[in-house]
$ cat structure-v3.tsv   # TSV, C-alpha atoms and all ligand atoms
chain	number	residue	atom	x	y	z
H	1	MET	CA	-11.07	-0.42	-62.42
H	2	GLN	CA	-7.56	-0.54	-63.84
H	3	ASN	CA	-6.24	2.67	-65.36
H	4	LEU	CA	-4.42	1.33	-68.42
H	5	LEU	CA	-2.08	4.36	-68.50
H	6	ASP	CA	-0.57	3.01	-65.28
H	7	LEU	CA	0.85	-0.12	-66.95
H	8	ASP	CA	3.99	-0.42	-69.05
H	9	VAL	CA	4.13	-2.93	-71.91
H	10	GLN	CA	5.05	-5.91	-69.79
H	11	GLN	CA	2.46	-5.11	-67.15
H	12	LEU	CA	-0.29	-4.54	-69.70
H	13	THR	CA	0.51	-7.88	-71.33
H	14	ALA	CA	0.29	-9.57	-67.93
H	15	TRP	CA	-2.99	-7.80	-67.20
H	16	PHE	CA	-4.51	-9.01	-70.48
H	17	ALA	CA	-3.34	-12.55	-69.66
H	18	GLU	CA	-5.11	-12.32	-66.29
H	19	GLN	CA	-8.26	-11.36	-68.16
H	20	GLY	CA	-7.86	-14.50	-70.31
H	21	GLU	CA	-6.88	-12.48	-73.38
H	22	LYS	CA	-4.03	-13.08	-75.84
H	23	PRO	CA	-0.81	-11.04	-75.43
H	24	PHE	CA	-1.15	-9.37	-78.83
H	25	ARG	CA	-4.32	-7.68	-77.59
H	26	ALA	CA	-2.14	-5.66	-75.22
H	27	LYS	CA	-0.05	-4.47	-78.15
H	28	GLN	CA	-3.16	-3.50	-80.09
H	29	VAL	CA	-4.53	-1.49	-77.18
H	30	LEU	CA	-1.14	0.16	-76.60
H	31	ARG	CA	-1.02	1.28	-80.19
H	32	TRP	CA	-4.49	2.76	-79.91
H	33	MET	CA	-3.62	4.59	-76.71
H	34	TYR	CA	-0.25	5.98	-77.67
H	35	LYS	CA	0.14	5.84	-81.44
H	36	ALA	CA	-3.43	6.94	-82.16
H	37	GLY	CA	-3.93	8.94	-78.95
H	38	GLU	CA	-7.27	7.23	-78.32
H	39	SER	CA	-8.88	7.06	-74.90
H	40	ASP	CA	-12.26	5.62	-75.90
H	41	PHE	CA	-12.53	1.82	-76.13
H	42	ASP	CA	-15.42	2.14	-78.60
H	43	ALA	CA	-13.09	3.72	-81.15
H	44	MET	CA	-10.71	0.74	-81.09
H	45	SER	CA	-12.17	-0.73	-84.23
H	46	ASP	CA	-9.95	-3.78	-84.60
H	47	LEU	CA	-11.02	-5.16	-81.20
H	48	ALA	CA	-14.08	-7.42	-81.11
H	49	VAL	CA	-17.15	-5.65	-79.76
H	50	SER	CA	-17.29	-8.19	-76.93
H	51	LEU	CA	-13.74	-7.31	-75.87
H	52	ARG	CA	-14.51	-3.60	-76.00
H	53	GLU	CA	-17.52	-4.17	-73.75
H	54	LYS	CA	-15.42	-6.22	-71.34
H	55	LEU	CA	-12.75	-3.52	-71.22
H	56	LYS	CA	-15.36	-0.91	-70.41
H	57	GLN	CA	-16.33	-2.99	-67.36
H	58	THR	CA	-12.81	-3.57	-66.06
H	59	ALA	CA	-10.61	-0.72	-67.23
H	60	ARG	CA	-10.40	2.95	-68.00
H	61	ILE	CA	-7.97	5.24	-69.79
H	62	ASP	CA	-7.83	8.08	-67.35
H	63	THR	CA	-6.07	11.01	-69.02
H	64	PRO	CA	-5.07	14.17	-67.14
H	65	THR	CA	-7.47	16.92	-66.14
H	66	VAL	CA	-6.19	20.33	-67.13
H	67	MET	CA	-6.92	23.27	-64.86
H	68	ARG	CA	-5.19	25.98	-66.81
H	69	GLU	CA	-3.30	26.47	-70.03
H	70	GLU	CA	-0.99	29.26	-71.10
H	71	THR	CA	0.98	30.13	-74.23
H	72	ALA	CA	4.10	32.31	-74.07
H	73	SER	CA	5.06	34.87	-76.67
H	74	ASP	CA	7.79	32.50	-77.95
H	75	GLY	CA	5.30	29.66	-78.49
H	76	THR	CA	6.12	27.76	-75.29
H	77	ARG	CA	2.96	26.14	-73.87
H	78	LYS	CA	2.31	25.32	-70.25
H	79	TRP	CA	-0.45	23.17	-68.78
H	80	LEU	CA	-1.42	22.99	-65.14
H	81	LEU	CA	-2.65	19.46	-64.44
H	82	ASP	CA	-4.91	18.55	-61.57
H	83	VAL	CA	-3.45	15.68	-59.57
H	84	GLY	CA	-6.13	15.66	-56.88
H	85	THR	CA	-6.55	16.88	-53.28
H	86	GLY	CA	-5.70	20.46	-54.14
H	87	ASN	CA	-2.43	19.64	-55.90
H	88	ALA	CA	-1.41	20.50	-59.42
H	89	VAL	CA	1.74	19.99	-61.46
H	90	GLU	CA	3.02	21.64	-64.59
H	91	THR	CA	4.05	20.38	-68.02
H	92	VAL	CA	5.81	22.60	-70.53
H	93	TYR	CA	6.09	22.16	-74.31
H	94	ILE	CA	9.00	23.92	-76.00
H	95	PRO	CA	8.79	24.04	-79.80
H	96	GLU	CA	12.01	24.33	-81.76
H	97	GLU	CA	12.71	24.19	-85.46
H	98	ASP	CA	13.75	20.55	-85.60
H	99	ARG	CA	12.04	19.09	-82.54
H	100	GLY	CA	9.43	19.50	-79.85
H	101	THR	CA	10.57	19.02	-76.26
H	102	LEU	CA	8.22	18.26	-73.42
H	103	CYS	CA	9.36	19.04	-69.90
H	104	VAL	CA	7.60	16.56	-67.62
H	105	SER	CA	7.01	16.58	-63.85
H	106	THR	CA	7.44	13.47	-61.70
H	107	GLN	CA	6.35	14.63	-58.23
H	108	ALA	CA	3.93	17.13	-56.73
H	109	GLY	CA	6.51	19.36	-55.04
H	110	CYS	CA	9.98	18.14	-54.14
H	111	ALA	CA	11.54	17.12	-50.83
H	112	LEU	CA	15.09	18.10	-51.72
H	113	ASP	CA	14.83	21.83	-51.09
H	114	CYS	CA	17.51	23.18	-53.41
H	115	ALA	CA	18.12	26.79	-52.46
H	116	PHE	CA	17.36	28.30	-55.90
H	117	CYS	CA	14.32	26.22	-56.92
H	118	SER	CA	10.72	27.31	-56.56
H	119	THR	CA	9.44	23.72	-56.64
H	120	GLY	CA	11.74	22.87	-53.73
H	121	LYS	CA	10.45	25.85	-51.78
H	122	GLN	CA	6.94	24.40	-51.81
H	123	GLY	CA	7.93	21.21	-50.05
H	124	PHE	CA	6.81	17.73	-51.03
H	125	ASN	CA	3.35	16.33	-51.39
H	126	ARG	CA	3.46	13.04	-53.25
H	127	ASN	CA	4.86	10.98	-56.09
H	128	LEU	CA	3.01	11.07	-59.40
H	129	SER	CA	1.69	7.74	-60.67
H	130	THR	CA	2.91	6.23	-63.94
H	131	ALA	CA	-0.37	7.36	-65.51
H	132	GLU	CA	0.19	10.92	-64.33
H	133	ILE	CA	3.71	10.98	-65.78
H	134	ILE	CA	3.03	9.37	-69.18
H	135	GLY	CA	-0.32	11.20	-69.23
H	136	GLN	CA	1.59	14.47	-69.62
H	137	VAL	CA	3.04	13.23	-72.93
H	138	TRP	CA	-0.37	11.89	-73.95
H	139	TRP	CA	-1.99	15.20	-73.16
H	140	ALA	CA	0.52	17.41	-74.96
H	141	ASN	CA	0.35	15.27	-78.10
H	142	HIS	CA	-3.44	15.23	-77.93
H	143	GLU	CA	-3.67	19.01	-77.52
H	144	LEU	CA	-1.11	19.92	-80.15
H	145	GLY	CA	-2.24	17.28	-82.65
H	146	LYS	CA	-0.22	15.37	-85.24
H	147	ASN	CA	1.81	17.34	-87.74
H	148	PRO	CA	1.11	17.15	-91.50
H	149	GLU	CA	3.48	14.16	-91.82
H	150	GLY	CA	1.32	12.29	-89.32
H	151	ASN	CA	3.82	12.40	-86.46
H	152	TRP	CA	3.28	13.50	-82.88
H	153	PRO	CA	4.80	16.89	-82.02
H	154	VAL	CA	6.59	15.64	-78.87
H	155	THR	CA	9.90	14.25	-80.19
H	156	ASN	CA	11.98	14.69	-77.02
H	157	VAL	CA	11.17	14.36	-73.35
H	158	VAL	CA	13.13	15.82	-70.45
H	159	LEU	CA	12.22	14.94	-66.86
H	160	MET	CA	13.05	18.46	-65.72
H	161	GLY	CA	9.68	19.61	-64.48
H	162	MET	CA	8.63	19.47	-60.84
H	163	GLY	CA	10.16	16.84	-58.59
H	164	GLU	CA	13.16	14.56	-58.40
H	165	PRO	CA	12.52	11.68	-60.85
H	166	LEU	CA	14.92	9.27	-59.16
H	167	LEU	CA	13.05	9.58	-55.85
H	168	ASN	CA	9.94	8.33	-57.66
H	169	PHE	CA	11.91	5.57	-59.26
H	170	ASP	CA	9.42	2.83	-60.15
H	171	ASN	CA	6.73	5.03	-61.64
H	172	THR	CA	9.31	7.03	-63.53
H	173	VAL	CA	10.84	3.88	-65.05
H	174	HIS	CA	7.43	2.50	-66.08
H	175	ALA	CA	6.67	5.82	-67.80
H	176	LEU	CA	10.13	5.87	-69.44
H	177	ARG	CA	9.50	2.40	-70.85
H	178	LEU	CA	6.28	3.62	-72.45
H	179	MET	CA	8.13	6.56	-74.00
H	180	LEU	CA	10.67	4.14	-75.49
H	181	ASP	CA	8.53	1.15	-76.49
H	182	ASP	CA	7.84	0.76	-80.19
H	183	HIS	CA	4.18	-0.06	-79.54
H	184	ALA	CA	3.80	3.17	-77.53
H	185	TYR	CA	5.78	6.35	-78.37
H	186	GLY	CA	8.92	4.66	-79.71
H	187	LEU	CA	11.29	7.51	-78.82
H	188	SER	CA	15.00	6.74	-78.96
H	189	ARG	CA	16.85	6.60	-75.63
H	190	ARG	CA	18.92	9.56	-76.73
H	191	ARG	CA	15.81	11.71	-76.95
H	192	VAL	CA	14.66	11.00	-73.41
H	193	THR	CA	16.60	12.66	-70.59
H	194	VAL	CA	16.39	12.12	-66.85
H	195	SER	CA	17.62	15.07	-64.82
H	196	THR	CA	18.71	14.37	-61.26
H	197	SER	CA	20.17	16.36	-58.41
H	198	GLY	CA	22.40	13.34	-57.79
H	199	VAL	CA	20.66	10.45	-56.05
H	200	VAL	CA	23.66	8.18	-56.48
H	201	PRO	CA	22.19	4.70	-55.74
H	202	ALA	CA	19.22	5.40	-58.00
H	203	MET	CA	21.58	6.46	-60.82
H	204	ASP	CA	23.07	2.97	-60.65
H	205	ARG	CA	19.63	1.39	-60.74
H	206	LEU	CA	18.60	3.51	-63.72
H	207	ARG	CA	21.72	2.40	-65.56
H	208	GLU	CA	20.67	-1.24	-65.07
H	209	GLU	CA	16.94	-0.90	-65.62
H	210	CYS	CA	16.43	1.80	-68.21
H	211	PRO	CA	19.48	3.75	-69.34
H	212	VAL	CA	18.39	6.96	-71.04
H	213	ALA	CA	20.30	10.22	-71.49
H	214	LEU	CA	21.39	11.70	-68.16
H	215	ALA	CA	21.61	15.28	-66.91
H	216	ILE	CA	23.02	16.13	-63.50
H	217	SER	CA	22.14	19.29	-61.63
H	218	LEU	CA	25.66	20.19	-60.57
H	219	HIS	CA	25.52	23.92	-59.77
H	220	ALA	CA	28.69	24.09	-57.66
H	221	PRO	CA	32.36	23.19	-58.11
H	222	ASN	CA	32.99	21.99	-54.53
H	223	ASP	CA	31.20	20.24	-51.68
H	224	GLU	CA	31.17	23.28	-49.45
H	225	LEU	CA	29.01	25.31	-51.83
H	226	ARG	CA	27.03	22.37	-53.20
H	227	ASN	CA	26.02	21.33	-49.67
H	228	VAL	CA	24.23	24.67	-49.45
H	229	LEU	CA	22.76	24.92	-52.97
H	230	VAL	CA	21.83	21.24	-53.44
H	231	PRO	CA	21.47	19.82	-49.92
H	232	ILE	CA	21.35	16.18	-51.06
H	233	ASN	CA	25.08	16.68	-51.66
H	234	GLN	CA	25.51	16.22	-47.90
H	235	LYS	CA	24.43	12.61	-48.43
H	236	TYR	CA	26.09	11.96	-51.80
H	237	PRO	CA	29.11	14.25	-52.12
H	238	LEU	CA	30.81	15.18	-55.38
H	239	ARG	CA	33.42	12.44	-55.36
H	240	GLU	CA	30.68	9.80	-55.23
H	241	LEU	CA	28.58	11.68	-57.78
H	242	MET	CA	31.44	11.87	-60.29
H	243	ALA	CA	32.13	8.15	-59.85
H	244	ALA	CA	28.42	7.39	-60.41
H	245	CYS	CA	28.49	9.44	-63.62
H	246	ARG	CA	31.41	7.41	-64.91
H	247	ARG	CA	29.59	4.15	-64.08
H	248	TYR	CA	26.44	5.42	-65.78
H	249	LEU	CA	28.33	6.18	-68.97
H	250	GLU	CA	29.22	2.51	-69.37
H	251	LYS	CA	25.63	1.88	-70.41
H	252	ALA	CA	24.30	5.29	-71.43
H	253	PRO	CA	22.91	5.93	-74.92
H	254	ARG	CA	25.19	8.95	-75.24
H	255	ASP	CA	28.90	9.11	-74.51
H	256	PHE	CA	28.64	12.10	-72.19
H	257	VAL	CA	26.56	13.33	-69.29
H	258	THR	CA	25.15	16.84	-69.28
H	259	PHE	CA	25.96	18.98	-66.27
H	260	GLU	CA	23.37	21.64	-65.61
H	261	TYR	CA	24.74	24.68	-63.87
H	262	VAL	CA	22.47	27.49	-62.76
H	263	MET	CA	24.28	30.83	-62.87
H	264	LEU	CA	23.79	32.73	-59.60
H	265	ALA	CA	25.31	36.20	-59.45
H	266	GLY	CA	28.31	36.34	-57.12
H	267	VAL	CA	27.65	32.84	-55.76
H	268	ASN	CA	29.00	30.28	-58.26
H	269	ASP	CA	29.79	32.34	-61.36
H	270	ARG	CA	33.36	33.52	-60.74
H	271	GLU	CA	36.34	32.59	-62.92
H	272	GLN	CA	37.84	30.54	-60.10
H	273	ASP	CA	34.58	28.56	-59.93
H	274	ALA	CA	34.94	27.69	-63.61
H	275	ARG	CA	38.54	26.61	-63.09
H	276	GLU	CA	37.62	24.47	-60.10
H	277	LEU	CA	34.84	22.87	-62.17
H	278	ILE	CA	37.28	21.91	-64.88
H	279	ARG	CA	39.35	20.04	-62.32
H	280	LEU	CA	36.26	18.42	-60.81
H	281	VAL	CA	34.97	16.92	-64.06
H	282	ARG	CA	38.40	16.02	-65.45
H	283	ASP	CA	37.61	12.29	-65.61
H	284	VAL	CA	33.97	12.51	-66.68
H	285	PRO	CA	33.10	12.89	-70.38
H	286	CYS	CA	30.58	15.71	-70.24
H	287	LYS	CA	28.93	18.75	-71.68
H	288	PHE	CA	27.83	21.79	-69.72
H	289	ASN	CA	24.54	23.60	-69.97
H	290	LEU	CA	24.64	26.95	-68.18
H	291	ILE	CA	21.19	28.04	-67.03
H	292	PRO	CA	20.66	31.73	-66.30
H	293	PHE	CA	18.88	31.73	-62.94
H	294	ASN	CA	15.14	32.27	-63.30
H	295	PRO	CA	13.80	34.35	-60.45
H	296	PHE	CA	10.60	33.59	-58.56
H	297	PRO	CA	8.94	35.45	-55.70
H	298	GLN	CA	11.20	35.65	-52.64
H	299	ALA	CA	14.11	33.99	-54.41
H	300	PRO	CA	17.31	34.63	-52.47
H	301	TYR	CA	19.50	34.91	-55.60
H	302	GLN	CA	19.98	36.99	-58.72
H	303	ARG	CA	20.75	36.03	-62.29
H	304	SER	CA	24.37	36.46	-63.40
H	305	ASP	CA	24.66	39.02	-66.16
H	306	MET	CA	25.13	37.70	-69.69
H	307	GLU	CA	28.71	38.89	-69.91
H	308	THR	CA	29.64	36.82	-66.85
H	309	VAL	CA	27.79	33.79	-68.22
H	310	LYS	CA	29.64	34.06	-71.52
H	311	ARG	CA	33.01	34.47	-69.82
H	312	PHE	CA	32.26	31.36	-67.73
H	313	ARG	CA	31.37	29.47	-70.90
H	314	ASP	CA	34.56	30.58	-72.62
H	315	ILE	CA	36.73	29.29	-69.78
H	316	LEU	CA	35.07	25.88	-69.97
H	317	MET	CA	35.33	25.85	-73.76
H	318	GLN	CA	39.03	26.65	-73.57
H	319	ALA	CA	39.38	23.46	-71.55
H	320	GLU	CA	37.61	21.67	-74.41
H	321	ILE	CA	34.36	21.16	-72.57
H	322	VAL	CA	31.41	21.74	-74.90
H	323	THR	CA	29.27	24.34	-73.16
H	324	THR	CA	25.94	25.82	-74.13
H	325	ILE	CA	23.92	28.57	-72.53
H	326	ARG	CA	20.31	27.61	-72.10
H	327	LYS	CA	17.93	29.91	-73.87
H	328	VAL	CA	15.34	31.30	-71.55
H	329	ARG	CA	12.03	30.03	-72.86
H	330	GLY	CA	8.54	30.81	-71.68
H	331	ASP	CA	9.51	33.12	-68.83
H	332	ASP	CA	6.58	35.45	-69.46
H	333	ILE	CA	4.29	32.62	-68.29
H	334	ALA	CA	6.67	31.42	-65.51
H	335	ALA	CA	7.42	28.28	-67.52
H	336	ALA	CA	11.21	28.62	-67.47
H	337	CYS	CA	13.44	26.20	-65.52
H	338	GLY	CA	12.85	26.37	-61.81
H	339	GLN	CA	9.77	28.55	-62.06
H	340	LEU	CA	7.29	25.69	-62.14
H	341	ALA	CA	5.13	26.01	-59.13
H	342	GLY	CA	1.85	24.28	-59.81
H	343	GLN	CA	-0.04	24.17	-56.56
H	344	VAL	CA	1.14	21.92	-53.83
H	345	GLN	CA	-0.31	21.34	-50.41
H	346	ASP	CA	2.96	21.15	-48.56
H	347	LYS	CA	2.90	18.01	-46.44
H	348	THR	CA	6.41	18.69	-45.24
H	349	LYS	CA	5.44	22.10	-43.88
H	350	ARG	CA	8.56	23.54	-45.43
H	351	THR	CA	6.93	26.91	-45.95
H	352	HIS	CA	6.54	27.30	-42.19
H	353	ARG	CA	10.12	26.35	-41.57
H	354	LEU	CA	11.24	28.83	-44.17
H	355	ALA	CA	9.11	31.60	-42.78
H	356	GLY	CA	10.52	30.95	-39.32
H	357	GLY	CA	14.12	30.40	-40.30
H	358	ALA	CA	14.77	32.80	-43.14
H	401	LIG	N1	14.88	17.44	-59.66
H	401	LIG	C1	15.59	17.33	-60.87
H	401	LIG	C2	14.78	17.74	-62.08
H	401	LIG	C3	13.94	18.97	-61.99
H	401	LIG	S1	14.74	20.52	-61.89
H	401	LIG	C4	16.88	18.08	-60.81
H	401	LIG	O1	17.07	18.83	-59.87
H	401	LIG	O2	17.70	17.88	-61.69
H	401	LIG	C5	15.26	20.85	-63.56
H	401	LIG	C6	16.46	21.81	-63.67
H	401	LIG	O3	16.08	23.16	-63.38
H	401	LIG	C7	17.56	21.45	-62.68
H	401	LIG	O4	18.83	21.51	-63.27
H	401	LIG	C8	17.39	22.55	-61.66
H	401	LIG	O5	18.55	22.69	-60.92
H	401	LIG	C9	17.04	23.73	-62.51
H	401	LIG	N2	16.48	24.85	-61.75
H	401	LIG	C10	15.79	24.81	-60.60
H	401	LIG	N3	15.45	26.05	-60.20
H	401	LIG	C11	15.94	26.90	-61.12
H	401	LIG	C12	15.88	28.32	-61.27
H	401	LIG	N4	15.24	29.09	-60.40
H	401	LIG	N5	16.47	28.87	-62.35
H	401	LIG	C13	17.10	28.09	-63.26
H	401	LIG	N6	17.17	26.74	-63.17
H	401	LIG	C14	16.60	26.15	-62.11
H	402	LIG	FE1	13.89	19.23	-56.34
H	402	LIG	FE2	15.30	19.49	-58.63
H	402	LIG	FE3	14.13	21.63	-57.45
H	402	LIG	FE4	16.25	20.48	-56.31
H	402	LIG	S1	16.20	21.53	-58.31
H	402	LIG	S2	14.35	21.12	-55.25
H	402	LIG	S3	15.89	18.32	-56.77
H	402	LIG	S4	13.08	19.86	-58.32
$ encode --input "structure-v3.tsv" --output "structure tokens"
Amino acid sequence: MQNLLDLDVQQLTAWFAEQGEKPFRAKQVLRWMYKAGESDFDAMSDLAVSLREKLKQTARIDTPTVMREETASDGTRKWLLDVGTGNAVETVYIPEEDRGTLCVSTQAGCALDCAFCSTGKQGFNRNLSTAEIIGQVWWANHELGKNPEGNWPVTNVVLMGMGEPLLNFDNTVHALRLMLDDHAYGLSRRRVTVSTSGVVPAMDRLREECPVALAISLHAPNDELRNVLVPINQKYPLRELMAACRRYLEKAPRDFVTFEYVMLAGVNDREQDARELIRLVRDVPCKFNLIPFNPFPQAPYQRSDMETVKRFRDILMQAEIVTTIRKVRGDDIAAACGQLAGQVQDKTKRTHRLAGGA
């Protein structure tokens, strides 16, 4: 049985061809699945009954199973989705006045082990399938329902949930294409953001295959500190990362990259860090998003105080770098950045290493 949520537009068209069906049938079914939010073939009223019966024999539309749901006092919603064999990932919906942003996960756990990230501390279990990634958007829209104008509430997607999207490249790109395709969600490339810790070769591939808005988890102004905070820096150091950002911008839907910078008290939040950053990003058109560190149990860091964060912002702004401070959303339900834990059976046994080494 083929799960139709696993196929992007091109693949679904090919699958219909294999079944001896016309290509426009794929478009019809896509519109039912994504524009109407339908998962029942019987409801697809413009398909012949015989085709609906055939689809029921060969395919399914397998939407996520939700284990838990929470709503924060600021309206942020979080769903814990079952991804099998004891694993679960989280999806977070953040309502704002003029948009609704969904923060989507791409892996159960993460292998990259950034020092300040609770997902990283759980180790890695597996990549999510295309269906599990796009299914998060499907689910949120389904749960929240269309607004009075008949539009879906999810207007923006950020791949900033659990996992490193560029290490689950193919499934991520298939899901991105469904977010963008006019027969599916039809979001503009500017409204879909991939966040990466800096997997340089995959940034180049993304630029060729599906350029969407790009955010980079920078977090440090030099290699010495970044090697510790974001260990993949040991493989792709800052000089290479900055060059990859410049290459990406040749094809990006926006004319800047966003640097995310988690503010860790006494670690990377000093004035000299800000000044070093300005020199680092000199040749990269960019904006900065400062993220107050969100604590989690046993986290080895503390959040910088607001005064320090604002001073840091002002130094960057004086150098004409547009800098925002990320609002903390949903922290009373542990839905803020870096707090997403889900439940992951750690295949990498990182927890043991940590317990022994820390
Ligand atoms: N793996 C990707 C995307 C997921 S993480 C990446 O690293 O970019 C999404 C963002 O949350 C990243 O910028 C990450 O560095 C940040 N983050 C992780 N842990 C955090 C924490 N405890 N507090 C604040 N931000 C955190
Ligand atoms: Fe993985 Fe991103 Fe967390 Fe680093 S910050 S461990 S890359 S999810």
$ residues_near_point --input "structure-v3.tsv" --point "(-1.7, 17.5, -64.4)" --cutoff "12 Å" --atoms "all atoms listed in the file" --output "count of residues only"
44
$ axis_aligned_box --input "structure-v3.tsv" --around "ligand LIG 402 (chain H)" --padding-each-side "6 Å" --output "lines of an AutoDock Vina configuration file"
center_x = 14.7
center_y = 20.0
center_z = -56.9
size_x = 15.2
size_y = 15.3
size_z = 15.4
$ residues_near_point --input "structure-v3.tsv" --point "(-1.1, -9.0, -67.6)" --cutoff "12 Å" --atoms "all atoms listed in the file" --output "count of residues only"
23
$ atom_distance --input "structure-v3.tsv" --atom1 "atom C10 of ligand LIG 401 (chain H)" --atom2 "CA of Cys114 in chain H"
7.6 Å
$ residues_near_ligand --input "structure-v3.tsv" --ligand "ligand LIG 401 (chain H)" --cutoff "8 Å" --atoms "all atoms listed in the file" --output "ChimeraX atom specification"
/H:105,110,112,114,116-119,159-165,194-198,215-219,260-263,291-296,299,336-339
$ residues_around --input "structure-v3.tsv" --residues "Val192 in chain H" --least-positions-apart "6" --cutoff "10 Å" --atoms "only C-alpha atoms" --output "count of residues only"
15
$ closest_residue --input "structure-v3.tsv" --among "H:Glu38, H:Asp204, H:Glu271, H:Asp305" --to "Leu249 in chain H" --atoms "only C-alpha atoms"
H:Asp204
$ build_atoms --input "structure-v3.tsv" --residues "range 267-278 of chain H" --atoms "N, CA and C atoms" --output "short mmCIF file (atom, residue, chain, number, x, y, z; two decimals), keeping the file's coordinate frame"
data_model
loop_
_atom_site.label_atom_id
_atom_site.label_comp_id
_atom_site.auth_asym_id
_atom_site.auth_seq_id
_atom_site.Cartn_x
_atom_site.Cartn_y
_atom_site.Cartn_z
N VAL H 267 27.69 34.03 -56.61
CA VAL H 267 27.65 32.84 -55.76
C VAL H 267 28.50 31.71 -56.36
N ASN H 268 28.28 31.41 -57.65
CA ASN H 268 29.00 30.28 -58.26
C ASN H 268 29.47 30.64 -59.67
N ASP H 269 29.54 31.93 -59.97
CA ASP H 269 29.79 32.34 -61.36
C ASP H 269 31.14 33.02 -61.57
N ARG H 270 32.06 32.86 -60.60
CA ARG H 270 33.36 33.52 -60.74
C ARG H 270 34.32 32.69 -61.60
N GLU H 271 35.36 33.32 -62.09
CA GLU H 271 36.34 32.59 -62.92
C GLU H 271 36.94 31.42 -62.16
N GLN H 272 37.23 31.64 -60.87
CA GLN H 272 37.84 30.54 -60.10
C GLN H 272 36.87 29.37 -59.95
N ASP H 273 35.56 29.66 -59.97
CA ASP H 273 34.58 28.56 -59.93
C ASP H 273 34.68 27.72 -61.20
N ALA H 274 34.81 28.41 -62.34
CA ALA H 274 34.94 27.69 -63.61
C ALA H 274 36.19 26.82 -63.61
N ARG H 275 37.28 27.37 -63.09
CA ARG H 275 38.54 26.61 -63.09
C ARG H 275 38.44 25.41 -62.16
N GLU H 276 37.78 25.60 -61.03
CA GLU H 276 37.62 24.47 -60.10
C GLU H 276 36.73 23.38 -60.73
N LEU H 277 35.72 23.82 -61.48
CA LEU H 277 34.84 22.87 -62.17
C LEU H 277 35.61 22.00 -63.15
N ILE H 278 36.50 22.64 -63.88
CA ILE H 278 37.28 21.91 -64.88
C ILE H 278 38.06 20.78 -64.21
#
